[in-house]
Amino acid sequence: MLKKKIQIENAVRKLRFNNDEMTQQQLAKEVGVSRQTIVAIEKYKYTPSLDLAFKIALTFEMEIQDVFFIHQ
Amino acid sequence: MNIKIRNTLAEITGASLAMIWMWLNLTEASLMTIQAVSKVLAQGIGGSIILIIVLHIIFNILSSIITGQYEEDIDDERDKIFELYALQVSSAIFGISIVATLVLLGWFNLTIISGLIAITFSGFIASILSLLLKIYLYK
């Protein structure tokens, strides 16, 4: 059983820049959240719900595990 | 300062001003009738709601003038989590205050007017503390 707290990291910031330097506001609008939520996700201060994580991955046309992953 | 913090500050300001207004009108509460005290409390609660709406509008107009752009207020899953934390805090504080007020009323044989004022003010204090928690979380 995994009792240890896991640190979920993401590549949202990198993916934004690889996607024509998409702004945080543009991504926020695309997935229907506030810009502050995108800021918090990028700083690893907030782990999004599965629904939002899938929406972000779909925006970048990537698999969810390529956007969100566990810090080893 | 983002729109969430701005709106929360408007709510804190509105609630605080209403509390101050009620406090100033209840300095002679021991000499007032229960009807008069209830009237002040009801006016304070109603006034705080109107004041918060007005302050929301003023803060947002001022922000639009200063920054030159309109910021949309989007409520997402993170905001709902923060709302839930704030609700938990305000419910806990308000619940404890009601029990404490009822106990103190019986213990010290206080008047019903004291209880009414204490419960109303504890509601405002619980609300302000939960709003401060929201500001801390948004930061």
# chains A, B, ... in the order shown; residues from 1 in each chain; ligands from 1
>>> closest_atom_pairs(of="chain A", to="chain B", cutoff="10 Å", atoms="only C-alpha atoms", output="Markdown table")
| residue | atom | partner | partner_atom | distance |
| --- | --- | --- | --- | --- |
| A:Ala28 | CA | B:Ile74 | CA | 9.8 |
| A:Lys29 | CA | B:Ile74 | CA | 9.6 |
| A:Gly32 | CA | B:Asp76 | CA | 7.5 |
| A:Val33 | CA | B:Asp76 | CA | 5.3 |
| A:Ser34 | CA | B:Ile74 | CA | 5.6 |
| A:Arg35 | CA | B:Ile74 | CA | 9.1 |
| A:Gln36 | CA | B:Asn2 | CA | 8.2 |
| A:Thr37 | CA | B:Arg78 | CA | 6.7 |
| A:Ala40 | CA | B:Arg78 | CA | 9.4 |
| A:Tyr46 | CA | B:Arg78 | CA | 8.0 |
| A:Thr47 | CA | B:Arg78 | CA | 9.3 |
| A:Pro48 | CA | B:Arg78 | CA | 8.0 |
| A:Ser49 | CA | B:Glu77 | CA | 7.9 |
| A:Leu52 | CA | B:Glu77 | CA | 8.8 |
>>> select_by_dssp(residues="chain A", states="helix (DSSP H, G or I)", output="VMD selection string")
chain A and resid 12 to 18 24 to 31 35 to 42 50 to 59 64 to 67
>>> write_last_selection(atoms="C-alpha atoms", output="compact mmCIF listing (two decimals), in the first residue's frame")
# COMPACT_ATOMS: atom_id res chain seq x y z
CA VAL A 12 2.39 22.62 -18.29
CA ARG A 13 4.79 25.58 -18.39
CA LYS A 14 7.09 23.84 -20.89
CA LEU A 15 4.16 22.71 -23.03
CA ARG A 16 2.74 26.23 -23.13
CA PHE A 17 5.99 27.58 -24.51
CA ASN A 18 6.19 24.75 -27.03
CA GLN A 24 -1.56 31.37 -19.00
CA GLN A 25 -4.73 33.35 -19.76
CA GLN A 26 -5.21 31.54 -23.08
CA LEU A 27 -4.80 28.12 -21.45
CA ALA A 28 -7.11 29.14 -18.59
CA LYS A 29 -9.78 30.20 -21.07
CA GLU A 30 -9.33 26.99 -23.07
CA VAL A 31 -9.93 24.72 -20.05
CA ARG A 35 -5.48 32.28 -14.64
CA GLN A 36 -4.61 31.97 -10.94
CA THR A 37 -5.42 28.25 -11.06
CA ILE A 38 -3.00 27.75 -13.98
CA VAL A 39 -0.35 29.71 -12.03
CA ALA A 40 -0.91 27.47 -8.97
CA ILE A 41 -0.70 24.30 -11.12
CA GLU A 42 2.55 25.42 -12.75
CA LEU A 50 -8.74 14.37 -13.00
CA ASP A 51 -11.28 16.22 -15.14
CA LEU A 52 -9.14 19.36 -15.36
CA ALA A 53 -5.93 17.35 -15.85
CA PHE A 54 -7.51 15.59 -18.86
CA LYS A 55 -8.72 18.92 -20.27
CA ILE A 56 -5.19 20.37 -20.03
CA ALA A 57 -3.68 17.26 -21.65
CA LEU A 58 -6.28 17.39 -24.45
CA THR A 59 -5.49 21.07 -25.06
CA ILE A 64 -2.24 12.76 -19.42
CA GLN A 65 0.88 10.91 -18.13
CA ASP A 66 3.06 13.09 -20.36
CA VAL A 67 1.67 16.24 -18.79
>>> residues_around(residues="segment 117-123 of chain B", least_positions_apart="5", cutoff="9 Å", atoms="only C-alpha atoms", output="CSV table (one decimal) with C-alpha atoms, in the first residue's frame")
chain,number,residue,atom,x,y,z
B,19,MET,CA,-20.2,45.9,12.5
B,26,LEU,CA,-25.8,49.7,20.4
B,37,VAL,CA,-32.0,46.3,19.4
B,38,SER,CA,-33.5,43.9,16.9
B,41,LEU,CA,-29.3,44.3,14.1
B,45,ILE,CA,-27.3,42.7,8.5
B,90,SER,CA,-16.9,30.1,9.7
B,93,ILE,CA,-16.5,29.6,14.9
B,94,PHE,CA,-20.2,30.5,14.7
B,97,SER,CA,-19.9,31.1,19.6
B,98,ILE,CA,-23.6,30.1,19.8
B,101,THR,CA,-23.3,32.5,24.3
B,112,ILE,CA,-31.8,38.1,26.0
B,128,ILE,CA,-14.6,38.0,8.5
>>> atom_distance(atom1="atom CA of Glu63 of chain A", atom2="atom CA of Asn10 of chain A")
12.2 Å
>>> atom_distance(atom1="atom CA of Ile81 of chain B", atom2="atom CA of Ala100 of chain B")
28.6 Å
>>> atom_distance(atom1="atom CA of Trp21 of chain B", atom2="atom CA of Ala126 of chain B")
17.5 Å
>>> residues_around(residues="Leu51 of chain B", least_positions_apart="4", cutoff="9 Å", atoms="only C-alpha atoms", output="ChimeraX atom specification")
/B:10-11,13-15,17-18,46-47,55-56
>>> residues_around(residues="His71 of chain A", least_positions_apart="3", cutoff="7 Å", atoms="only C-alpha atoms", output="JSON list (two decimals) with N, CA and C atoms, in the first residue's frame")
[["chain", "number", "residue", "atom", "x", "y", "z"],
["A", 7, "GLN", "N", 4.38, 13.49, -4.73],
["A", 7, "GLN", "CA", 4.48, 14.84, -5.28],
["A", 7, "GLN", "C", 4.18, 14.77, -6.78],
["A", 8, "ILE", "N", 3.04, 15.33, -7.17],
["A", 8, "ILE", "CA", 2.70, 15.32, -8.59],
["A", 8, "ILE", "C", 3.25, 16.58, -9.25],
["A", 9, "GLU", "N", 4.05, 16.37, -10.26],
["A", 9, "GLU", "CA", 4.61, 17.49, -11.01],
["A", 9, "GLU", "C", 3.99, 17.55, -12.39]]
>>> residues_around(residues="Tyr85 of chain B", least_positions_apart="2", cutoff="12 Å", atoms="only C-alpha atoms", output="list in words")
Arg78, Asp79, Lys80, Ile81, Phe82, Glu83, Leu87, Gln88, Val89, Ser90, Ser91, Ala92, Leu129, Ser130, Leu131, Leu132, Leu133, Lys134, Ile135, Tyr136, Leu137 and Tyr138 of chain B
>>> write_last_selection(atoms="N, CA and C atoms", output="compact mmCIF listing (two decimals), in the first residue's frame")
# COMPACT_ATOMS: atom_id res chain seq x y z
N ARG B 78 -10.74 25.10 -7.86
CA ARG B 78 -9.86 25.57 -6.78
C ARG B 78 -10.62 26.56 -5.88
N ASP B 79 -11.41 27.43 -6.49
CA ASP B 79 -12.20 28.39 -5.72
C ASP B 79 -13.21 27.67 -4.83
N LYS B 80 -13.79 26.59 -5.38
CA LYS B 80 -14.78 25.83 -4.60
C LYS B 80 -14.14 25.17 -3.38
N ILE B 81 -12.91 24.70 -3.54
CA ILE B 81 -12.18 24.10 -2.40
C ILE B 81 -11.94 25.18 -1.33
N PHE B 82 -11.51 26.36 -1.77
CA PHE B 82 -11.26 27.46 -0.83
C PHE B 82 -12.55 27.88 -0.13
N GLU B 83 -13.65 27.91 -0.91
CA GLU B 83 -14.96 28.26 -0.34
C GLU B 83 -15.31 27.27 0.77
N LEU B 87 -15.94 27.99 4.61
CA LEU B 87 -17.23 27.61 5.20
C LEU B 87 -17.04 26.78 6.47
N GLN B 88 -16.06 25.89 6.42
CA GLN B 88 -15.76 25.06 7.59
C GLN B 88 -15.33 25.94 8.77
N VAL B 89 -14.45 26.89 8.49
CA VAL B 89 -13.94 27.78 9.54
C VAL B 89 -15.07 28.62 10.12
N SER B 90 -15.87 29.24 9.23
CA SER B 90 -16.94 30.12 9.73
C SER B 90 -18.00 29.31 10.48
N SER B 91 -18.31 28.10 10.01
CA SER B 91 -19.30 27.26 10.71
C SER B 91 -18.80 26.87 12.09
N ALA B 92 -17.51 26.51 12.17
CA ALA B 92 -16.93 26.11 13.46
C ALA B 92 -16.95 27.28 14.44
N LEU B 129 -13.34 36.26 9.64
CA LEU B 129 -12.19 35.36 9.79
C LEU B 129 -12.11 34.38 8.63
N SER B 130 -13.28 33.89 8.17
CA SER B 130 -13.26 32.95 7.04
C SER B 130 -12.83 33.67 5.76
N LEU B 131 -13.19 34.94 5.64
CA LEU B 131 -12.76 35.73 4.47
C LEU B 131 -11.25 35.98 4.50
N LEU B 132 -10.71 36.20 5.71
CA LEU B 132 -9.26 36.39 5.84
C LEU B 132 -8.52 35.10 5.46
N LEU B 133 -9.12 33.97 5.83
CA LEU B 133 -8.52 32.68 5.45
C LEU B 133 -8.51 32.55 3.92
N LYS B 134 -9.61 32.99 3.29
CA LYS B 134 -9.69 32.93 1.82
C LYS B 134 -8.59 33.78 1.18
N ILE B 135 -8.36 34.97 1.73
CA ILE B 135 -7.29 35.84 1.19
C ILE B 135 -5.94 35.14 1.33
N TYR B 136 -5.71 34.51 2.50
CA TYR B 136 -4.45 33.79 2.72
C TYR B 136 -4.29 32.67 1.68
N LEU B 137 -5.37 31.94 1.43
CA LEU B 137 -5.31 30.84 0.46
C LEU B 137 -5.11 31.35 -0.97
N TYR B 138 -5.74 32.46 -1.32
CA TYR B 138 -5.59 33.02 -2.66
C TYR B 138 -4.17 33.54 -2.90
